[in-house]
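Next up, query-v5.csv (CSV, C-alpha atoms):
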```csv
chain,number,residue,atom,x,y,z
A,1,MET,CA,-13.1,-2.0,-2.6
A,2,LEU,CA,-13.3,1.5,-1.1
A,3,LYS,CA,-9.7,1.4,-0.1
A,4,THR,CA,-8.7,0.4,-3.7
A,5,LYS,CA,-10.8,3.2,-5.1
A,6,ASN,CA,-9.1,5.8,-2.8
A,7,ILE,CA,-5.7,4.5,-3.8
A,8,PHE,CA,-6.6,4.8,-7.4
A,9,ILE,CA,-7.8,8.4,-6.9
A,10,VAL,CA,-4.6,9.4,-5.1
A,11,VAL,CA,-2.4,7.9,-7.8
A,12,PHE,CA,-4.4,9.6,-10.5
A,13,ILE,CA,-4.1,13.0,-8.8
A,14,LEU,CA,-0.3,12.5,-8.3
A,15,ILE,CA,0.1,11.6,-12.0
A,16,ASN,CA,-1.8,14.7,-13.1
A,17,SER,CA,0.1,16.9,-10.7
A,18,THR,CA,3.4,15.5,-12.0
A,19,ILE,CA,2.4,16.1,-15.6
A,20,LEU,CA,1.3,19.6,-14.8
A,21,SER,CA,4.4,20.3,-12.8
A,22,GLN,CA,6.6,19.0,-15.6
A,23,HIS,CA,4.7,20.9,-18.2
A,24,LYS,CA,5.0,24.2,-16.3
A,25,SER,CA,8.7,23.5,-15.6
A,26,PHE,CA,9.3,22.9,-19.3
A,27,TYR,CA,7.4,25.9,-20.6
A,28,ASP,CA,8.1,28.4,-17.8
A,29,ASP,CA,11.6,27.5,-16.6
A,30,GLU,CA,13.3,26.0,-19.6
A,31,GLY,CA,11.1,27.4,-22.2
A,32,PHE,CA,13.1,30.6,-22.3
A,33,LEU,CA,15.9,28.6,-23.9
A,34,LYS,CA,13.8,28.1,-27.0
A,35,ASN,CA,13.1,31.8,-27.5
A,36,ARG,CA,15.9,33.8,-25.8
A,37,PHE,CA,15.6,36.9,-27.9
A,38,GLU,CA,12.9,39.5,-28.0
A,39,TYR,CA,12.0,42.7,-29.9
A,40,ASN,CA,9.9,45.3,-28.1
A,41,PHE,CA,8.3,48.5,-29.4
A,42,GLY,CA,6.3,50.9,-27.3
A,43,ILE,CA,4.6,54.3,-27.0
A,44,GLY,CA,3.8,56.3,-23.9
A,45,ALA,CA,4.0,59.6,-22.0
A,46,SER,CA,7.0,61.4,-20.6
A,47,SER,CA,7.1,63.8,-17.6
A,48,CYS,CA,9.9,65.9,-16.2
A,49,LEU,CA,10.7,67.4,-12.8
A,50,SER,CA,13.0,70.3,-13.2
A,51,ASP,CA,13.5,73.9,-12.0
A,52,VAL,CA,10.7,75.2,-14.4
A,53,GLY,CA,7.0,74.6,-14.0
A,54,GLY,CA,5.6,72.2,-11.5
A,55,SER,CA,2.1,71.3,-10.3
A,56,ASP,CA,-0.7,73.7,-9.2
A,57,PHE,CA,-0.1,72.9,-5.5
A,58,THR,CA,1.0,75.7,-3.3
A,59,GLU,CA,3.8,75.3,-0.8
A,60,GLN,CA,1.2,75.0,2.0
A,61,GLU,CA,-0.7,72.3,0.1
A,62,LEU,CA,2.4,70.3,-0.6
A,63,LYS,CA,3.4,70.3,3.1
A,64,LYS,CA,0.0,68.9,4.1
A,65,LYS,CA,0.1,66.0,1.6
A,66,PHE,CA,1.1,62.5,2.7
A,67,GLY,CA,4.9,62.3,2.7
A,68,GLY,CA,4.9,65.9,1.5
A,69,THR,CA,8.7,66.4,2.1
A,70,LEU,CA,9.8,63.0,1.0
A,71,LEU,CA,7.4,62.8,-2.0
A,72,ARG,CA,7.5,66.4,-3.0
A,73,GLY,CA,9.1,65.6,-6.3
A,74,VAL,CA,6.1,63.3,-7.2
A,75,TYR,CA,3.5,65.8,-6.2
A,76,ASP,CA,5.3,68.7,-7.9
A,77,THR,CA,5.3,67.0,-11.3
A,78,ASP,CA,3.2,68.8,-13.9
A,79,ILE,CA,1.1,66.1,-15.5
A,80,ALA,CA,-0.4,68.6,-17.9
A,81,LYS,CA,3.0,69.0,-19.5
A,82,SER,CA,3.3,65.3,-20.3
A,83,ASN,CA,4.6,64.5,-23.8
A,84,ILE,CA,4.9,61.6,-26.2
A,85,VAL,CA,7.7,59.0,-25.9
A,86,LEU,CA,8.6,56.3,-28.4
A,87,THR,CA,10.7,53.3,-27.4
A,88,GLY,CA,12.4,50.3,-29.0
A,89,ALA,CA,14.2,47.5,-27.2
A,90,PHE,CA,16.2,44.3,-27.9
A,91,ILE,CA,16.1,41.8,-25.0
A,92,TYR,CA,18.2,38.8,-24.2
A,93,HIS,CA,16.7,36.2,-21.8
A,94,LEU,CA,19.7,35.4,-19.6
A,95,GLN,CA,18.0,33.3,-17.0
A,96,PRO,CA,14.3,32.3,-16.4
A,97,LYS,CA,13.8,35.4,-14.3
A,98,VAL,CA,16.6,37.7,-15.6
A,99,ASN,CA,16.6,39.6,-18.8
A,100,LEU,CA,19.2,41.9,-20.3
A,101,ARG,CA,17.8,44.8,-22.3
A,102,GLY,CA,19.2,47.5,-24.6
A,103,ASN,CA,16.6,50.3,-24.9
A,104,LEU,CA,16.4,53.3,-27.3
A,105,ALA,CA,13.9,56.1,-26.6
A,106,PHE,CA,12.9,59.3,-28.3
A,107,ALA,CA,11.0,61.7,-26.0
A,108,PHE,CA,9.9,65.3,-25.5
A,109,LEU,CA,10.0,67.0,-22.1
A,110,SER,CA,8.5,70.4,-21.3
A,111,GLY,CA,7.6,72.7,-18.5
A,112,SER,CA,6.2,76.2,-17.9
A,113,ASP,CA,5.9,78.5,-15.0
A,114,ASP,CA,2.6,80.1,-16.2
A,115,GLN,CA,0.4,77.4,-14.6
A,116,SER,CA,2.3,77.2,-11.3
A,117,SER,CA,0.7,78.4,-8.0
A,118,ILE,CA,4.1,79.4,-6.6
A,119,ASN,CA,4.6,83.1,-6.8
A,120,TYR,CA,8.2,83.3,-7.7
A,121,ARG,CA,7.7,80.8,-10.5
A,122,VAL,CA,4.8,82.8,-11.9
A,123,ASN,CA,6.8,86.0,-11.8
A,124,ARG,CA,9.8,84.3,-13.4
A,125,ASN,CA,7.5,82.9,-16.2
A,126,LEU,CA,10.1,80.8,-18.0
A,127,SER,CA,9.3,77.8,-20.2
A,128,PHE,CA,11.1,75.1,-22.1
A,129,ARG,CA,10.8,72.2,-24.5
A,130,THR,CA,13.6,69.6,-24.6
A,131,ASP,CA,14.1,66.8,-27.1
A,132,ILE,CA,15.6,63.6,-25.7
A,133,VAL,CA,17.4,60.8,-27.4
A,134,GLU,CA,18.3,58.1,-24.8
A,135,PHE,CA,20.1,54.8,-24.8
A,136,THR,CA,20.1,52.6,-21.7
A,137,ALA,CA,21.4,49.2,-20.7
A,138,LEU,CA,18.9,47.6,-18.3
A,139,THR,CA,18.4,44.5,-16.3
A,140,GLU,CA,14.9,43.1,-15.8
A,141,TYR,CA,14.2,40.8,-12.8
A,142,TYR,CA,10.8,39.1,-12.5
A,143,ILE,CA,9.2,38.9,-9.1
A,144,PHE,CA,6.9,36.4,-10.8
A,145,LYS,CA,6.7,35.6,-14.5
A,146,PRO,CA,3.5,35.4,-16.6
A,147,SER,CA,2.5,31.9,-17.4
A,148,THR,CA,1.3,31.0,-20.9
A,149,GLY,CA,-0.7,28.1,-19.4
A,150,ASN,CA,-1.1,24.6,-20.8
A,151,LYS,CA,-0.2,24.5,-24.5
A,152,PHE,CA,-3.2,22.3,-25.4
A,153,ASN,CA,-5.7,23.6,-22.9
A,154,LEU,CA,-5.9,20.2,-21.2
A,155,LYS,CA,-8.6,19.6,-18.6
A,156,GLY,CA,-8.5,17.6,-15.4
A,157,VAL,CA,-10.8,14.9,-14.3
A,158,ASN,CA,-13.3,17.4,-12.9
A,159,GLY,CA,-13.4,19.3,-16.2
A,160,HIS,CA,-11.3,22.3,-15.1
A,161,LYS,CA,-8.4,23.5,-17.2
A,162,LEU,CA,-5.0,22.5,-15.9
A,163,ALA,CA,-3.7,26.0,-16.9
A,164,LYS,CA,-3.6,28.9,-14.5
A,165,GLY,CA,-6.4,31.4,-14.3
A,166,SER,CA,-6.3,34.8,-15.9
A,167,LEU,CA,-4.2,36.3,-13.1
A,168,GLY,CA,-1.6,33.6,-13.7
A,169,HIS,CA,-0.9,35.1,-17.1
A,170,ILE,CA,0.2,38.4,-15.5
A,171,GLY,CA,3.9,38.9,-14.6
A,172,LEU,CA,5.6,41.6,-12.4
A,173,TYR,CA,9.2,42.7,-12.8
A,174,ILE,CA,11.5,45.4,-11.6
A,175,VAL,CA,14.0,47.2,-13.9
A,176,ALA,CA,17.2,49.2,-13.4
A,177,GLY,CA,20.3,50.1,-15.3
A,178,VAL,CA,22.5,52.9,-16.6
A,179,GLY,CA,22.4,55.0,-19.7
A,180,GLY,CA,23.1,58.2,-21.5
A,181,PHE,CA,21.0,60.8,-23.3
A,182,LEU,CA,21.4,63.7,-25.7
A,183,TYR,CA,19.2,66.7,-24.9
A,184,THR,CA,18.4,70.0,-26.6
A,185,PRO,CA,16.6,72.7,-24.6
A,186,ARG,CA,14.5,75.2,-26.5
A,187,ALA,CA,12.1,77.9,-25.7
A,188,LYS,CA,9.8,80.6,-27.3
A,189,ILE,CA,10.3,84.3,-26.6
A,190,ASN,CA,8.1,85.3,-23.7
A,191,PHE,CA,6.0,88.2,-24.9
A,192,SER,CA,4.2,88.3,-21.5
A,193,TYR,CA,7.2,90.0,-19.9
A,194,ASP,CA,6.5,93.2,-18.1
A,195,VAL,CA,6.8,95.6,-21.1
A,196,ASN,CA,6.5,98.6,-18.8
A,197,ASP,CA,10.0,97.9,-17.6
A,198,PRO,CA,12.4,99.9,-19.9
A,199,GLU,CA,14.9,97.0,-20.0
A,200,ASN,CA,12.2,94.5,-21.3
A,201,ALA,CA,10.8,97.0,-23.8
A,202,ALA,CA,14.2,97.6,-25.3
A,203,TYR,CA,14.9,94.0,-26.1
A,204,LEU,CA,11.4,92.9,-27.0
A,205,SER,CA,11.1,95.6,-29.5
A,206,ASN,CA,13.5,93.8,-31.8
A,207,TYR,CA,11.1,90.9,-32.2
A,208,ASN,CA,7.7,90.6,-33.6
A,209,LEU,CA,4.8,88.3,-32.9
A,210,ILE,CA,5.8,86.0,-35.8
A,211,ASP,CA,8.6,84.8,-33.5
A,212,ASN,CA,6.1,83.7,-30.9
A,213,ASN,CA,5.8,80.3,-32.5
A,214,LYS,CA,9.5,79.8,-33.0
A,215,TYR,CA,11.6,77.7,-30.6
A,216,HIS,CA,15.1,78.9,-30.0
A,217,LYS,CA,17.9,76.7,-28.9
A,218,LEU,CA,18.9,77.9,-25.4
A,219,ARG,CA,22.4,76.3,-24.9
A,220,PRO,CA,24.2,78.6,-27.4
A,221,LEU,CA,22.7,81.7,-25.7
A,222,HIS,CA,24.5,81.2,-22.3
A,223,THR,CA,21.3,82.6,-20.6
A,224,GLU,CA,22.9,82.5,-17.1
A,225,GLY,CA,26.2,83.9,-18.4
A,226,GLN,CA,27.9,80.5,-18.3
A,227,GLY,CA,31.6,80.8,-19.1
A,228,PHE,CA,31.6,84.6,-19.4
A,229,ILE,CA,34.3,86.5,-17.5
A,230,THR,CA,33.4,90.0,-16.4
A,231,SER,CA,35.5,93.1,-15.9
A,232,ASN,CA,37.5,91.9,-12.9
A,233,GLY,CA,38.2,88.6,-14.5
A,234,LEU,CA,36.1,86.5,-12.1
A,235,PRO,CA,33.3,84.3,-13.4
A,236,THR,CA,31.4,85.0,-10.1
A,237,ASP,CA,31.6,88.8,-10.3
A,238,VAL,CA,28.8,90.7,-8.7
A,239,GLU,CA,28.5,92.8,-11.9
A,240,GLY,CA,27.4,89.8,-13.9
A,241,ALA,CA,26.3,87.7,-10.9
A,242,ASN,CA,26.9,84.3,-12.5
A,243,ARG,CA,26.9,82.3,-9.3
A,244,GLY,CA,25.9,78.9,-10.7
A,245,LYS,CA,28.3,76.2,-11.8
A,246,ILE,CA,31.6,77.5,-13.0
A,247,PHE,CA,32.6,76.9,-16.6
A,248,LYS,CA,35.7,77.5,-18.6
A,249,GLU,CA,35.8,80.8,-20.6
A,250,ASN,CA,33.0,80.9,-23.2
A,251,LYS,CA,32.1,77.3,-22.4
A,252,THR,CA,28.7,76.1,-21.2
A,253,TYR,CA,27.0,72.8,-20.2
A,254,LYS,CA,27.3,69.7,-22.3
A,255,LEU,CA,24.3,68.3,-24.3
A,256,VAL,CA,25.1,64.7,-23.3
A,257,SER,CA,24.6,63.4,-19.8
A,258,MET,CA,24.2,60.1,-17.9
A,259,CYS,CA,21.0,58.7,-16.3
A,260,ILE,CA,20.1,55.9,-13.9
A,261,PRO,CA,16.7,54.4,-14.8
A,262,VAL,CA,14.7,52.6,-12.0
A,263,GLY,CA,11.2,51.3,-12.3
A,264,PHE,CA,8.8,48.4,-12.6
A,265,GLY,CA,6.6,46.8,-15.1
A,266,VAL,CA,3.6,44.5,-15.6
A,267,GLU,CA,3.5,41.9,-18.4
A,268,LYS,CA,0.6,40.0,-20.0
A,269,ALA,CA,1.6,37.0,-22.1
A,270,PHE,CA,-0.7,36.0,-25.0
A,271,ASN,CA,1.3,32.9,-25.8
A,272,ASN,CA,4.9,31.7,-25.7
A,273,ASP,CA,6.0,34.3,-28.2
A,274,MET,CA,3.9,37.4,-27.8
A,275,GLY,CA,2.5,39.7,-25.2
A,276,ILE,CA,2.2,43.3,-23.9
A,277,LYS,CA,4.0,45.3,-21.1
A,278,ILE,CA,3.2,48.4,-19.2
A,279,GLU,CA,6.2,50.0,-17.5
A,280,PHE,CA,7.0,53.0,-15.4
A,281,ALA,CA,10.6,54.1,-14.8
A,282,SER,CA,12.2,57.3,-13.5
A,283,ARG,CA,15.5,58.6,-14.8
A,284,PHE,CA,17.8,60.2,-12.3
A,285,THR,CA,20.2,62.4,-14.2
A,286,PHE,CA,23.6,64.0,-13.7
A,287,THR,CA,22.7,67.4,-15.1
A,288,ASP,CA,20.6,70.4,-13.9
A,289,TYR,CA,20.3,71.9,-17.4
A,290,ILE,CA,17.5,69.9,-19.0
A,291,ASP,CA,15.4,73.1,-18.8
A,292,ASP,CA,18.4,75.5,-19.2
A,293,VAL,CA,17.8,76.8,-15.7
A,294,SER,CA,20.2,76.2,-12.8
A,295,GLY,CA,22.0,79.2,-11.4
A,296,THR,CA,21.3,82.9,-11.0
A,297,TYR,CA,20.1,85.8,-13.2
A,298,TYR,CA,22.8,87.3,-15.3
A,299,SER,CA,23.1,90.9,-16.5
A,300,LYS,CA,21.0,91.6,-19.7
A,301,GLU,CA,23.4,94.4,-20.7
A,302,LEU,CA,26.4,92.1,-20.5
A,303,LEU,CA,24.7,89.5,-22.6
A,304,ALA,CA,23.5,92.0,-25.2
A,305,THR,CA,27.0,93.3,-25.7
A,306,ASN,CA,28.9,90.0,-25.5
A,307,SER,CA,31.0,89.5,-28.7
A,308,HIS,CA,31.0,85.7,-28.3
A,309,LEU,CA,27.3,85.6,-28.8
A,310,GLY,CA,27.4,87.6,-32.1
A,311,ASP,CA,24.0,88.3,-33.6
A,312,LYS,CA,22.4,86.2,-30.9
A,313,ALA,CA,23.4,88.6,-28.1
A,314,GLU,CA,20.1,90.5,-27.9
A,315,LEU,CA,18.1,87.2,-28.1
A,316,ALA,CA,20.2,85.9,-25.2
A,317,ALA,CA,19.4,89.0,-23.2
A,318,THR,CA,15.7,88.5,-23.8
A,319,MET,CA,15.7,84.8,-23.1
A,320,SER,CA,17.6,85.2,-19.8
A,321,GLY,CA,14.5,86.4,-18.1
A,322,THR,CA,16.3,89.0,-16.0
A,323,ARG,CA,13.9,91.6,-14.7
A,324,SER,CA,11.1,89.9,-16.7
A,325,GLY,CA,8.4,89.7,-14.0
A,326,ASP,CA,6.0,92.1,-12.4
A,327,GLU,CA,8.3,92.0,-9.3
A,328,PRO,CA,11.5,92.9,-11.1
A,329,THR,CA,13.6,92.7,-7.9
A,330,TRP,CA,12.9,89.0,-7.8
A,331,ASN,CA,14.5,88.6,-11.2
A,332,ALA,CA,17.3,91.1,-10.6
A,333,VAL,CA,20.9,90.3,-11.4
A,334,GLY,CA,22.3,87.9,-8.9
A,335,GLN,CA,18.9,86.6,-7.7
A,336,GLN,CA,18.2,82.9,-7.8
A,337,ARG,CA,17.0,81.7,-11.2
A,338,GLY,CA,17.1,77.9,-10.6
A,339,GLY,CA,18.1,75.4,-7.9
A,340,SER,CA,21.6,74.2,-8.6
A,341,SER,CA,21.6,72.0,-5.4
A,342,SER,CA,19.7,69.2,-7.1
A,343,ASN,CA,19.7,67.7,-10.7
A,344,ASP,CA,16.7,67.3,-13.0
A,345,TYR,CA,15.0,64.0,-13.6
A,346,TYR,CA,12.4,62.7,-15.9
A,347,GLY,CA,10.3,59.5,-16.3
A,348,PHE,CA,8.4,57.4,-18.8
A,349,ILE,CA,5.2,55.4,-18.6
A,350,THR,CA,5.0,53.2,-21.7
A,351,PHE,CA,2.8,50.6,-23.3
A,352,SER,CA,4.6,48.1,-25.5
A,353,MET,CA,4.2,44.9,-27.5
A,354,TYR,CA,6.9,42.2,-27.7
A,355,LYS,CA,7.7,39.3,-30.0
A,356,LYS,CA,10.1,36.6,-29.0
A,357,PHE,CA,12.2,34.5,-31.4
A,358,ALA,CA,14.7,31.7,-31.3
A,359,GLY,CA,17.8,33.0,-33.0
A,360,HIS,CA,19.4,29.6,-32.7
A,361,SER,CA,22.4,29.1,-34.8
A,362,LYS,CA,23.6,25.7,-36.2
A,363,TRP,CA,26.1,25.3,-33.5
A,364,TYR,CA,23.4,25.7,-30.8
A,365,LYS,CA,21.2,23.0,-32.4
A,366,ASN,CA,24.2,20.6,-32.7
A,367,ALA,CA,25.1,21.3,-29.0
A,368,ASN,CA,21.6,20.4,-27.9
A,369,ILE,CA,20.9,17.6,-30.3
A,370,ASN,CA,20.9,15.0,-27.5
A,371,LYS,CA,18.6,17.0,-25.2
A,372,THR,CA,15.2,15.5,-24.9
A,373,ARG,CA,12.0,17.2,-23.9
A,374,LYS,CA,10.7,16.6,-20.4
A,375,ILE,CA,7.2,16.1,-21.9
A,376,LYS,CA,7.0,14.4,-25.2
A,377,ALA,CA,3.2,14.6,-25.5
A,378,SER,CA,0.5,16.6,-23.8
A,379,PHE,CA,-2.5,14.5,-24.8
```

File written out as structure tokens:
Amino acid sequence: MLKTKNIFIVVFILINSTILSQHKSFYDDEGFLKNRFEYNFGIGASSCLSDVGGSDFTEQELKKKFGGTLLRGVYDTDIAKSNIVLTGAFIYHLQPKVNLRGNLAFAFLSGSDDQSSINYRVNRNLSFRTDIVEFTALTEYYIFKPSTGNKFNLKGVNGHKLAKGSLGHIGLYIVAGVGGFLYTPRAKINFSYDVNDPENAAYLSNYNLIDNNKYHKLRPLHTEGQGFITSNGLPTDVEGANRGKIFKENKTYKLVSMCIPVGFGVEKAFNNDMGIKIEFASRFTFTDYIDDVSGTYYSKELLATNSHLGDKAELAATMSGTRSGDEPTWNAVGQQRGGSSSNDYYGFITFSMYKKFAGHSKWYKNANINKTRKIKASF
């Protein structure tokens, strides 16, 4: 009798395990065939690591931190200058663990030297705000997918739910891809320049405090003398001291660049159709001009008299920042203004909600008319 009872228990457990396995297989592995398309809308924060601004850490403090050299970029990010980002995405579920995603983002990036603890940045005292419009093509790969559990909340013989616990509803994925973005660097006139310097006083006198709240587009100003040829015909002439990237005559950097997003995300599924995601991804770019700073200081006099700049010539001279600080020799013509050896990059952390839908056409339904469900009933 005892032997028969044990056999009955084993058989019952096997049957329940098989049903649960089939149920999970149907909903987790093949369920993506039912809803292969997904809309996703999110909001979050953006942050930028460029030549301008940075954290409050001094050079000595950065060196003492864990992985200070390798992780310098992370520690040197100015969290206080984070801005809003809005995202929208269309996702196609290619395989149970692989998604293809087209992503559109609108973001603001900014940085300022005035909060930095690094002396040459404080003396330089530049700032910027850049508007970003980004489109990326991404691939998502799930390390483990979120389970929506048992559709009818079935319970086993011991009264416990057959569905996974709360942690089973959490998924983890990595994401990477390629994209492009349009960016527009702007800045306000810096009225905290050393006005005792005759050069600064001459240019700042043309502006009043009303302009203090106005953002000026920086690219048309050629603030580092990009594309300007000086008296001896060389774009790297000591007189103008444009020793950054070489541009064609009167040309400057482009407002479109490529980026490579890399990151990870966590997903919480509410049911088969809806859920939320939290994602962090950095964008490695192919430009060093997100902040309009890359090369060396250019001559204010040459900017102020450049015919190509027209009525923006004196504004360009002011926005160049040449001899702007309390230590004017640090900002003299030919001195380093930015770091052209490395490009800028930025990142987003976003919170989003998604909704899946079938999108099945008539031909798909006809092609799968003979396909039967693995579980016809769950009760």

Q: Please determine the residues with any atom at most 9 Å from (2.3, 56.5, -24.5) (coordinates as given in the file, with only C-alpha atoms counting) and report them as a list in words.
A: Gly42, Ile43, Gly44, Ala45, Ser46, Asn83, Ile84, Val85, Leu86, Phe348, Ile349, Thr350, Phe351 and Ser352 of chain A

(Q) Give me the residues near Tyr297 in chain A as an MDAnalysis selection string, where near means some atom within 6 Å (using only C-alpha atoms) and where sequence neighbours in that chain fewer than 4 positions away do not count. (A) chainID A and resid 224 322 333:335 337

Q) What lies within 12 Å of Ile174 in chain A using only C-alpha atoms, ignoring chain neighbours under 5 positions off, as a list of chain:residue names? A)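 So, after excluding close chain neighbours, the residues are A:Lys97, A:Val98, A:Asn99, A:Leu138, A:Thr139, A:Glu140, A:Tyr141, A:Tyr142, A:Ile143, A:Phe144, A:Lys145, A:Pro261, A:Val262, A:Gly263, A:Phe264, A:Gly265, A:Val266, A:Glu267, A:Ile278, A:Glu279, A:Phe280, A:Ala281.
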
Q: Would you work out the distance separating CA of Gly111 in chain A from CA of Tyr345 in chain A, expressed in Å to one decimal?
A: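 Separation between CA of Gly111 in chain A and CA of Tyr345 in chain A: 12.4 Å.
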
Q.
Which polymer residues, whether protein, DNA or RNA, lie within 10 Å of the coordinate (32.4, 82.4, -25.0) when you count all atoms listed in the file? List them as a count of residues only, using the chain letters and numbers from the file.
A. 17

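Around Ala304 in chain A, within 10 Å and counting all atoms listed in the file, the residues found are Tyr203, Gly310, Asp311, Lys312, Ala313, Glu314, Leu315, Ala316, Ala317 and Thr318 of chain A, once anything fewer than 6 positions away on its own chain is removed.
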